[in-house]
Structures are given as structure tokens and as C-alpha cells.
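Engineer: Please read through the structure below; I'll follow up with questions.
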Amino acid sequence: MAARLLDDLIVAVHYVVMAYIVFGGFLAWAWKWRWTFIVHGLFIAWAAYSLLYPINCPLTLLENYFRHLGGLPQLNGGFIDTYITGVLYPASFVGVIQVIAGATVLTSWIGLYIRHLRHRSDSHNMDRLKLG
């Protein structure tokens, strides 16, 4: 019973992680959340690495462990193969979804960079006003 609850918890955490990978860059837009850019970068690096080199995600390994303890079969594939592809979108759309997710991440990072430049420019202009 506890193993199945922990399995469900890992699935929920995995959904949150997947959402963070796609949308987490937008958290850094809020100045008090700027530090999340580094964390988001690490998550993106992991996601890119796992796309290039098919390896098991630690969360998937943990889920399979709790599934085993709970008497359930291991996932056939990974988290995305089991809970997302073919469930949230058709399997034939994988490439399109990857491009959309990548564009969303890129948009968040470009937006963050633009905000950084504006903030720096505003700070520079304020310094000039104080001195001038």
C-alpha cells in the first residue's frame, strides 16, 4: 500500500518536473526568482542529455522500484512514453512537441535576457541621473 502511494507521488513529482523543464524559465522573470535560471539550466541540460543518450531518469528508476514493491510491472519505456506520449498528444507528434517545448524554453531564456538588459540599462540611467 505504501509503495503504491509512493509510486503515485513519484508520478506527480515527475509531472511537476516535466512542467518545470518546459515552463521553468519563466519563473526567473520575477526578480526574486532569478536564481531558478541556474536550476532550470541544469534541468534543461539533463533533458537534452537524456534525449541524445537514452538513459533512465532517476525518477523513473525510483518509480519502477516502488512499482515493484507494490506488485506492479515496471514501466514499458520511460515516464514520457507511459504517461505523456499517446495520452496528452498522439505519438506521431513527438517531434512537433519537442520543437514546441524547445521554443518555449528558448522564449523564456530570451525574455529573461531582454529583461536583464533592460534592468541593467534602467540602473545605468538612474546612476547617470544621480550623478548628473
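Chain lettering (A, B, ...) mirrors the order of the C-alpha cells, residue numbering begins at 1 for each chain separately, and ligand numbering begins at 1 in order of display.
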List the spatial neighbours of region 55-64 of chain A as a ChimeraX atom specification - criterion: any atom at most 6 Å away, only C-alpha atoms, same-chain residues fewer than 6 positions off excluded.
Structural biologist: /A:7,10,74
Engineer: Output as JSON lines one row per residue of region 53-125 of chain A within 9 Å of region 12-22 of chain A: the closest atom pair and its distance in Å to one decimal place, counting only C-alpha atoms, sorted by chain and residue number ascending.
Structural biologist:
{"residue": "A:Leu59", "atom": "CA", "partner": "A:His14", "partner_atom": "CA", "distance": 6.7}
{"residue": "A:Thr60", "atom": "CA", "partner": "A:His14", "partner_atom": "CA", "distance": 8.2}
{"residue": "A:Phe79", "atom": "CA", "partner": "A:His14", "partner_atom": "CA", "distance": 7.7}
{"residue": "A:Ile80", "atom": "CA", "partner": "A:Met18", "partner_atom": "CA", "distance": 9.0}
{"residue": "A:Ala101", "atom": "CA", "partner": "A:Val22", "partner_atom": "CA", "distance": 5.6}
{"residue": "A:Gly102", "atom": "CA", "partner": "A:Val22", "partner_atom": "CA", "distance": 7.4}
{"residue": "A:Thr104", "atom": "CA", "partner": "A:Val22", "partner_atom": "CA", "distance": 6.4}
{"residue": "A:Val105", "atom": "CA", "partner": "A:Val22", "partner_atom": "CA", "distance": 5.7}
Engineer: Of the candidates A:Ile114, A:Met1, A:Val11, A:Ile44, which shows the shortest atom-to-atom distance to Gly25 (chain A), using only C-alpha atoms?
Structural biologist: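 Closest to Gly25 (chain A), using only C-alpha atoms: A:Ile44.
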Engineer: If you run DSSP on this backbone, which residues of chain A come out as helix (DSSP H, G or I), and could you give them as an mmCIF file with N, CA and C atoms, in the first residue's frame?
Structural biologist:
data_model
loop_
_atom_site.group_PDB
_atom_site.id
_atom_site.type_symbol
_atom_site.label_atom_id
_atom_site.label_comp_id
_atom_site.auth_asym_id
_atom_site.auth_seq_id
_atom_site.Cartn_x
_atom_site.Cartn_y
_atom_site.Cartn_z
ATOM 1 N N ALA A 2 1.840 1.320 0.889
ATOM 2 C CA ALA A 2 2.715 2.488 0.966
ATOM 3 C C ALA A 2 3.541 2.623 -0.310
ATOM 4 N N ALA A 3 3.977 1.498 -0.872
ATOM 5 C CA ALA A 3 4.778 1.534 -2.095
ATOM 6 C C ALA A 3 3.964 2.119 -3.246
ATOM 7 N N ARG A 4 2.700 1.770 -3.332
ATOM 8 C CA ARG A 4 1.857 2.305 -4.413
ATOM 9 C C ARG A 4 1.597 3.800 -4.224
ATOM 10 N N LEU A 5 1.447 4.234 -2.992
ATOM 11 C CA LEU A 5 1.292 5.668 -2.735
ATOM 12 C C LEU A 5 2.562 6.427 -3.101
ATOM 13 N N LEU A 6 3.700 5.843 -2.762
ATOM 14 C CA LEU A 6 4.975 6.473 -3.117
ATOM 15 C C LEU A 6 5.161 6.488 -4.638
ATOM 16 N N ASP A 7 4.712 5.434 -5.296
ATOM 17 C CA ASP A 7 4.750 5.397 -6.760
ATOM 18 C C ASP A 7 3.915 6.541 -7.327
ATOM 19 N N ASP A 8 2.715 6.721 -6.803
ATOM 20 C CA ASP A 8 1.850 7.824 -7.260
ATOM 21 C C ASP A 8 2.486 9.185 -6.988
ATOM 22 N N LEU A 9 3.132 9.312 -5.849
ATOM 23 C CA LEU A 9 3.815 10.562 -5.514
ATOM 24 C C LEU A 9 4.938 10.842 -6.513
ATOM 25 N N ILE A 10 5.696 9.826 -6.863
ATOM 26 C CA ILE A 10 6.788 9.991 -7.833
ATOM 27 C C ILE A 10 6.219 10.395 -9.192
ATOM 28 N N VAL A 11 5.098 9.816 -9.592
ATOM 29 C CA VAL A 11 4.455 10.199 -10.859
ATOM 30 C C VAL A 11 4.074 11.678 -10.812
ATOM 31 N N ALA A 12 3.492 12.120 -9.706
ATOM 32 C CA ALA A 12 3.113 13.533 -9.565
ATOM 33 C C ALA A 12 4.344 14.435 -9.617
ATOM 34 N N VAL A 13 5.399 14.051 -8.930
ATOM 35 C CA VAL A 13 6.641 14.830 -8.949
ATOM 36 C C VAL A 13 7.197 14.871 -10.370
ATOM 37 N N HIS A 14 7.106 13.763 -11.071
ATOM 38 C CA HIS A 14 7.606 13.710 -12.441
ATOM 39 C C HIS A 14 6.837 14.685 -13.345
ATOM 40 N N TYR A 15 5.524 14.773 -13.167
ATOM 41 C CA TYR A 15 4.732 15.752 -13.939
ATOM 42 C C TYR A 15 5.183 17.177 -13.622
ATOM 43 N N VAL A 16 5.433 17.455 -12.362
ATOM 44 C CA VAL A 16 5.897 18.795 -11.968
ATOM 45 C C VAL A 16 7.264 19.082 -12.595
ATOM 46 N N VAL A 17 8.148 18.111 -12.573
ATOM 47 C CA VAL A 17 9.475 18.279 -13.175
ATOM 48 C C VAL A 17 9.347 18.526 -14.676
ATOM 49 N N MET A 18 8.490 17.775 -15.339
ATOM 50 C CA MET A 18 8.302 17.973 -16.784
ATOM 51 C C MET A 18 7.765 19.380 -17.066
ATOM 52 N N ALA A 19 6.818 19.837 -16.268
ATOM 53 C CA ALA A 19 6.290 21.193 -16.442
ATOM 54 C C ALA A 19 7.383 22.226 -16.170
ATOM 55 N N TYR A 20 8.202 21.968 -15.170
ATOM 56 C CA TYR A 20 9.295 22.893 -14.852
ATOM 57 C C TYR A 20 10.315 22.955 -15.990
ATOM 58 N N ILE A 21 10.602 21.809 -16.607
ATOM 59 C CA ILE A 21 11.547 21.794 -17.720
ATOM 60 C C ILE A 21 11.043 22.690 -18.846
ATOM 61 N N VAL A 22 9.757 22.630 -19.149
ATOM 62 C CA VAL A 22 9.207 23.422 -20.255
ATOM 63 C C VAL A 22 8.984 24.879 -19.859
ATOM 64 N N PHE A 23 8.412 25.113 -18.687
ATOM 65 C CA PHE A 23 7.980 26.464 -18.311
ATOM 66 C C PHE A 23 8.820 27.125 -17.215
ATOM 67 N N GLY A 24 9.770 26.414 -16.643
ATOM 68 C CA GLY A 24 10.528 26.920 -15.505
ATOM 69 C C GLY A 24 11.332 28.173 -15.771
ATOM 70 N N GLY A 25 11.726 28.378 -17.015
ATOM 71 C CA GLY A 25 12.491 29.584 -17.335
ATOM 72 C C GLY A 25 11.710 30.854 -17.072
ATOM 73 N N PHE A 26 10.391 30.769 -17.144
ATOM 74 C CA PHE A 26 9.569 31.952 -16.889
ATOM 75 C C PHE A 26 9.580 32.355 -15.413
ATOM 76 N N LEU A 27 9.876 31.409 -14.521
ATOM 77 C CA LEU A 27 9.979 31.753 -13.095
ATOM 78 C C LEU A 27 11.092 32.758 -12.854
ATOM 79 N N ALA A 28 12.148 32.656 -13.639
ATOM 80 C CA ALA A 28 13.294 33.549 -13.452
ATOM 81 C C ALA A 28 12.969 34.979 -13.888
ATOM 82 N N TRP A 29 11.858 35.181 -14.571
ATOM 83 C CA TRP A 29 11.477 36.539 -14.978
ATOM 84 C C TRP A 29 11.161 37.405 -13.769
ATOM 85 N N TRP A 31 12.126 38.941 -10.451
ATOM 86 C CA TRP A 31 13.465 39.206 -9.926
ATOM 87 C C TRP A 31 13.780 38.420 -8.671
ATOM 88 N N LYS A 32 12.783 38.145 -7.851
ATOM 89 C CA LYS A 32 13.082 37.378 -6.643
ATOM 90 C C LYS A 32 13.303 35.889 -6.940
ATOM 91 N N TRP A 33 13.037 35.450 -8.178
ATOM 92 C CA TRP A 33 13.220 34.056 -8.576
ATOM 93 C C TRP A 33 14.364 33.888 -9.586
ATOM 94 N N THR A 36 16.497 30.713 -10.059
ATOM 95 C CA THR A 36 15.946 29.499 -10.669
ATOM 96 C C THR A 36 16.485 29.269 -12.074
ATOM 97 N N PHE A 37 17.060 30.312 -12.680
ATOM 98 C CA PHE A 37 17.635 30.147 -14.008
ATOM 99 C C PHE A 37 18.738 29.087 -13.989
ATOM 100 N N ILE A 38 19.546 29.084 -12.954
ATOM 101 C CA ILE A 38 20.624 28.096 -12.845
ATOM 102 C C ILE A 38 20.043 26.695 -12.692
ATOM 103 N N VAL A 39 19.067 26.556 -11.826
ATOM 104 C CA VAL A 39 18.417 25.257 -11.623
ATOM 105 C C VAL A 39 17.752 24.808 -12.924
ATOM 106 N N HIS A 40 17.070 25.749 -13.581
ATOM 107 C CA HIS A 40 16.406 25.414 -14.840
ATOM 108 C C HIS A 40 17.434 24.979 -15.879
ATOM 109 N N GLY A 41 18.555 25.646 -15.930
ATOM 110 C CA GLY A 41 19.615 25.259 -16.859
ATOM 111 C C GLY A 41 20.093 23.835 -16.625
ATOM 112 N N LEU A 42 20.210 23.445 -15.370
ATOM 113 C CA LEU A 42 20.612 22.076 -15.048
ATOM 114 C C LEU A 42 19.552 21.071 -15.506
ATOM 115 N N PHE A 43 18.291 21.403 -15.294
ATOM 116 C CA PHE A 43 17.203 20.529 -15.742
ATOM 117 C C PHE A 43 17.191 20.413 -17.266
ATOM 118 N N ILE A 44 17.429 21.523 -17.954
ATOM 119 C CA ILE A 44 17.463 21.515 -19.414
ATOM 120 C C ILE A 44 18.647 20.680 -19.900
ATOM 121 N N ALA A 45 19.783 20.818 -19.251
ATOM 122 C CA ALA A 45 20.956 20.024 -19.623
ATOM 123 C C ALA A 45 20.651 18.528 -19.480
ATOM 124 N N TRP A 46 19.988 18.163 -18.381
ATOM 125 C CA TRP A 46 19.615 16.759 -18.179
ATOM 126 C C TRP A 46 18.647 16.309 -19.271
ATOM 127 N N ALA A 47 17.654 17.116 -19.570
ATOM 128 C CA ALA A 47 16.663 16.751 -20.593
ATOM 129 C C ALA A 47 17.332 16.570 -21.954
ATOM 130 N N ALA A 48 18.210 17.484 -22.313
ATOM 131 C CA ALA A 48 18.913 17.386 -23.602
ATOM 132 C C ALA A 48 19.800 16.139 -23.634
ATOM 133 N N TYR A 49 20.509 15.900 -22.550
ATOM 134 C CA TYR A 49 21.377 14.727 -22.475
ATOM 135 C C TYR A 49 20.568 13.442 -22.624
ATOM 136 N N SER A 50 19.418 13.390 -21.944
ATOM 137 C CA SER A 50 18.609 12.168 -21.994
ATOM 138 C C SER A 50 17.949 11.971 -23.360
ATOM 139 N N LEU A 51 17.773 13.061 -24.121
ATOM 140 C CA LEU A 51 17.271 12.910 -25.491
ATOM 141 C C LEU A 51 18.362 12.394 -26.421
ATOM 142 N N LEU A 52 19.582 12.861 -26.204
ATOM 143 C CA LEU A 52 20.697 12.445 -27.057
ATOM 144 C C LEU A 52 21.191 11.038 -26.716
ATOM 145 N N PRO A 58 16.386 9.306 -13.029
ATOM 146 C CA PRO A 58 16.348 8.814 -11.644
ATOM 147 C C PRO A 58 14.920 8.689 -11.098
ATOM 148 N N LEU A 59 14.033 9.592 -11.518
ATOM 149 C CA LEU A 59 12.643 9.483 -11.055
ATOM 150 C C LEU A 59 11.965 8.238 -11.619
ATOM 151 N N THR A 60 12.281 7.881 -12.856
ATOM 152 C CA THR A 60 11.729 6.666 -13.455
ATOM 153 C C THR A 60 12.256 5.438 -12.734
ATOM 154 N N LEU A 61 13.536 5.453 -12.406
ATOM 155 C CA LEU A 61 14.105 4.333 -11.650
ATOM 156 C C LEU A 61 13.419 4.194 -10.294
ATOM 157 N N LEU A 62 13.194 5.317 -9.639
ATOM 158 C CA LEU A 62 12.523 5.310 -8.340
ATOM 159 C C LEU A 62 11.079 4.832 -8.478
ATOM 160 N N GLU A 63 10.406 5.284 -9.519
ATOM 161 C CA GLU A 63 9.032 4.828 -9.742
ATOM 162 C C GLU A 63 8.993 3.317 -9.985
ATOM 163 N N ASN A 64 9.909 2.817 -10.808
ATOM 164 C CA ASN A 64 9.941 1.369 -11.060
ATOM 165 C C ASN A 64 10.225 0.588 -9.780
ATOM 166 N N TYR A 65 11.047 1.134 -8.925
ATOM 167 C CA TYR A 65 11.331 0.485 -7.647
ATOM 168 C C TYR A 65 10.053 0.363 -6.812
ATOM 169 N N PHE A 66 9.317 1.467 -6.683
ATOM 170 C CA PHE A 66 8.087 1.425 -5.895
ATOM 171 C C PHE A 66 6.993 0.612 -6.581
ATOM 172 N N ARG A 67 6.976 0.612 -7.904
ATOM 173 C CA ARG A 67 6.019 -0.243 -8.622
ATOM 174 C C ARG A 67 6.310 -1.711 -8.305
ATOM 175 N N HIS A 68 7.577 -2.071 -8.316
ATOM 176 C CA HIS A 68 7.974 -3.447 -7.998
ATOM 177 C C HIS A 68 7.547 -3.813 -6.577
ATOM 178 N N LEU A 69 7.829 -2.911 -5.630
ATOM 179 C CA LEU A 69 7.432 -3.179 -4.236
ATOM 180 C C LEU A 69 5.921 -3.292 -4.092
ATOM 181 N N PHE A 79 8.901 7.545 -18.369
ATOM 182 C CA PHE A 79 7.751 8.331 -17.928
ATOM 183 C C PHE A 79 7.007 8.939 -19.109
ATOM 184 N N ILE A 80 7.753 9.564 -20.017
ATOM 185 C CA ILE A 80 7.120 10.226 -21.164
ATOM 186 C C ILE A 80 6.403 9.203 -22.024
ATOM 187 N N ASP A 81 7.046 8.063 -22.276
ATOM 188 C CA ASP A 81 6.430 7.014 -23.099
ATOM 189 C C ASP A 81 5.155 6.470 -22.470
ATOM 190 N N THR A 82 5.114 6.423 -21.156
ATOM 191 C CA THR A 82 3.978 5.822 -20.453
ATOM 192 C C THR A 82 2.842 6.806 -20.205
ATOM 193 N N TYR A 83 3.164 8.005 -19.719
ATOM 194 C CA TYR A 83 2.131 8.917 -19.240
ATOM 195 C C TYR A 83 1.849 10.120 -20.134
ATOM 196 N N ILE A 84 2.719 10.383 -21.113
ATOM 197 C CA ILE A 84 2.535 11.607 -21.895
ATOM 198 C C ILE A 84 2.285 11.308 -23.374
ATOM 199 N N ALA A 91 1.292 9.933 -30.607
ATOM 200 C CA ALA A 91 2.697 9.534 -30.708
ATOM 201 C C ALA A 91 3.360 10.101 -31.968
ATOM 202 N N SER A 92 2.590 10.327 -33.002
ATOM 203 C CA SER A 92 3.157 10.860 -34.242
ATOM 204 C C SER A 92 3.570 12.326 -34.114
ATOM 205 N N PHE A 93 3.208 12.981 -33.020
ATOM 206 C CA PHE A 93 3.521 14.399 -32.801
ATOM 207 C C PHE A 93 4.763 14.620 -31.942
ATOM 208 N N VAL A 94 5.505 13.577 -31.642
ATOM 209 C CA VAL A 94 6.646 13.705 -30.727
ATOM 210 C C VAL A 94 7.603 14.800 -31.177
ATOM 211 N N GLY A 95 7.987 14.798 -32.432
ATOM 212 C CA GLY A 95 8.920 15.807 -32.936
ATOM 213 C C GLY A 95 8.369 17.209 -32.818
ATOM 214 N N VAL A 96 7.094 17.377 -33.146
ATOM 215 C CA VAL A 96 6.454 18.693 -33.053
ATOM 216 C C VAL A 96 6.428 19.167 -31.608
ATOM 217 N N ILE A 97 6.090 18.278 -30.697
ATOM 218 C CA ILE A 97 6.023 18.620 -29.270
ATOM 219 C C ILE A 97 7.411 18.998 -28.759
ATOM 220 N N GLN A 98 8.437 18.281 -29.196
ATOM 221 C CA GLN A 98 9.798 18.612 -28.768
ATOM 222 C C GLN A 98 10.201 19.996 -29.270
ATOM 223 N N VAL A 99 9.816 20.327 -30.502
ATOM 224 C CA VAL A 99 10.128 21.657 -31.042
ATOM 225 C C VAL A 99 9.374 22.732 -30.264
ATOM 226 N N ILE A 100 8.103 22.487 -29.967
ATOM 227 C CA ILE A 100 7.309 23.462 -29.204
ATOM 228 C C ILE A 100 7.897 23.650 -27.802
ATOM 229 N N ALA A 101 8.264 22.549 -27.158
ATOM 230 C CA ALA A 101 8.854 22.639 -25.813
ATOM 231 C C ALA A 101 10.175 23.402 -25.874
ATOM 232 N N GLY A 102 11.008 23.090 -26.856
ATOM 233 C CA GLY A 102 12.276 23.794 -27.006
ATOM 234 C C GLY A 102 12.074 25.275 -27.284
ATOM 235 N N ALA A 103 11.095 25.604 -28.116
ATOM 236 C CA ALA A 103 10.803 27.009 -28.418
ATOM 237 C C ALA A 103 10.295 27.735 -27.179
ATOM 238 N N THR A 104 9.532 27.045 -26.360
ATOM 239 C CA THR A 104 9.029 27.649 -25.119
ATOM 240 C C THR A 104 10.191 27.957 -24.178
ATOM 241 N N VAL A 105 11.107 27.017 -24.034
ATOM 242 C CA VAL A 105 12.287 27.233 -23.188
ATOM 243 C C VAL A 105 13.114 28.384 -23.743
ATOM 244 N N LEU A 106 13.357 28.365 -25.041
ATOM 245 C CA LEU A 106 14.152 29.419 -25.676
ATOM 246 C C LEU A 106 13.496 30.784 -25.495
ATOM 247 N N THR A 107 12.184 30.846 -25.642
ATOM 248 C CA THR A 107 11.448 32.092 -25.433
ATOM 249 C C THR A 107 11.628 32.600 -24.006
ATOM 250 N N SER A 108 11.560 31.692 -23.039
ATOM 251 C CA SER A 108 11.712 32.120 -21.641
ATOM 252 C C SER A 108 13.124 32.651 -21.401
ATOM 253 N N TRP A 109 14.122 32.026 -21.984
ATOM 254 C CA TRP A 109 15.501 32.468 -21.781
ATOM 255 C C TRP A 109 15.773 33.780 -22.506
ATOM 256 N N ILE A 110 15.261 33.919 -23.721
ATOM 257 C CA ILE A 110 15.442 35.181 -24.453
ATOM 258 C C ILE A 110 14.740 36.308 -23.700
ATOM 259 N N GLY A 111 13.534 36.043 -23.229
ATOM 260 C CA GLY A 111 12.804 37.042 -22.446
ATOM 261 C C GLY A 111 13.557 37.436 -21.192
ATOM 262 N N LEU A 112 14.157 36.469 -20.528
ATOM 263 C CA LEU A 112 14.937 36.757 -19.329
ATOM 264 C C LEU A 112 16.148 37.623 -19.672
ATOM 265 N N TYR A 113 16.792 37.315 -20.779
ATOM 266 C CA TYR A 113 17.951 38.100 -21.207
ATOM 267 C C TYR A 113 17.543 39.537 -21.524
ATOM 268 N N ILE A 114 16.420 39.703 -22.213
ATOM 269 C CA ILE A 114 15.917 41.048 -22.532
ATOM 270 C C ILE A 114 15.589 41.807 -21.250
ATOM 271 N N ARG A 115 14.944 41.153 -20.308
ATOM 272 C CA ARG A 115 14.633 41.797 -19.023
ATOM 273 C C ARG A 115 15.911 42.206 -18.302
ATOM 274 N N HIS A 116 16.916 41.341 -18.367
ATOM 275 C CA HIS A 116 18.206 41.644 -17.737
ATOM 276 C C HIS A 116 18.826 42.887 -18.373
ATOM 277 N N LEU A 117 18.819 42.946 -19.703
ATOM 278 C CA LEU A 117 19.383 44.104 -20.392
ATOM 279 C C LEU A 117 18.628 45.384 -20.045
ATOM 280 N N ARG A 118 17.314 45.294 -19.998
ATOM 281 C CA ARG A 118 16.506 46.478 -19.649
ATOM 282 C C ARG A 118 16.780 46.921 -18.222
ATOM 283 N N HIS A 119 16.874 45.976 -17.325
ATOM 284 C CA HIS A 119 17.135 46.298 -15.927
ATOM 285 C C HIS A 119 18.507 46.961 -15.795
ATOM 286 N N ARG A 120 19.491 46.423 -16.505
ATOM 287 C CA ARG A 120 20.824 46.999 -16.482
ATOM 288 C C ARG A 120 20.830 48.402 -17.065
ATOM 289 N N SER A 121 20.095 48.587 -18.145
ATOM 290 C CA SER A 121 20.003 49.901 -18.784
ATOM 291 C C SER A 121 19.299 50.899 -17.868
ATOM 292 N N ASP A 122 18.216 50.459 -17.244
ATOM 293 C CA ASP A 122 17.491 51.332 -16.318
ATOM 294 C C ASP A 122 18.376 51.720 -15.135
ATOM 295 N N SER A 123 19.119 50.759 -14.609
ATOM 296 C CA SER A 123 20.016 51.042 -13.485
ATOM 297 C C SER A 123 21.109 52.020 -13.905
ATOM 298 N N HIS A 124 21.645 51.836 -15.106
ATOM 299 C CA HIS A 124 22.677 52.726 -15.617
ATOM 300 C C HIS A 124 22.124 54.141 -15.783
ATOM 301 N N ASN A 125 20.903 54.257 -16.313
ATOM 302 C CA ASN A 125 20.288 55.564 -16.496
ATOM 303 C C ASN A 125 19.995 56.242 -15.162
ATOM 304 N N MET A 126 19.600 55.472 -14.169
ATOM 305 C CA MET A 126 19.337 56.031 -12.846
ATOM 306 C C MET A 126 20.643 56.547 -12.228
ATOM 307 N N ASP A 127 21.730 55.815 -12.425
ATOM 308 C CA ASP A 127 23.027 56.267 -11.923
ATOM 309 C C ASP A 127 23.427 57.571 -12.577
ATOM 310 N N ARG A 128 23.184 57.738 -13.850
ATOM 311 C CA ARG A 128 23.510 58.977 -14.559
ATOM 312 C C ARG A 128 22.707 60.158 -13.996
ATOM 313 N N LEU A 129 21.422 59.889 -13.710
ATOM 314 C CA LEU A 129 20.581 60.956 -13.161
ATOM 315 C C LEU A 129 21.087 61.398 -11.801
ATOM 316 N N LYS A 130 21.537 60.442 -10.996
ATOM 317 C CA LYS A 130 22.027 60.769 -9.658
ATOM 318 C C LYS A 130 23.326 61.580 -9.743
ATOM 319 N N LEU A 131 24.179 61.239 -10.699
ATOM 320 C CA LEU A 131 25.466 61.900 -10.827
ATOM 321 C C LEU A 131 25.357 63.253 -11.543
#
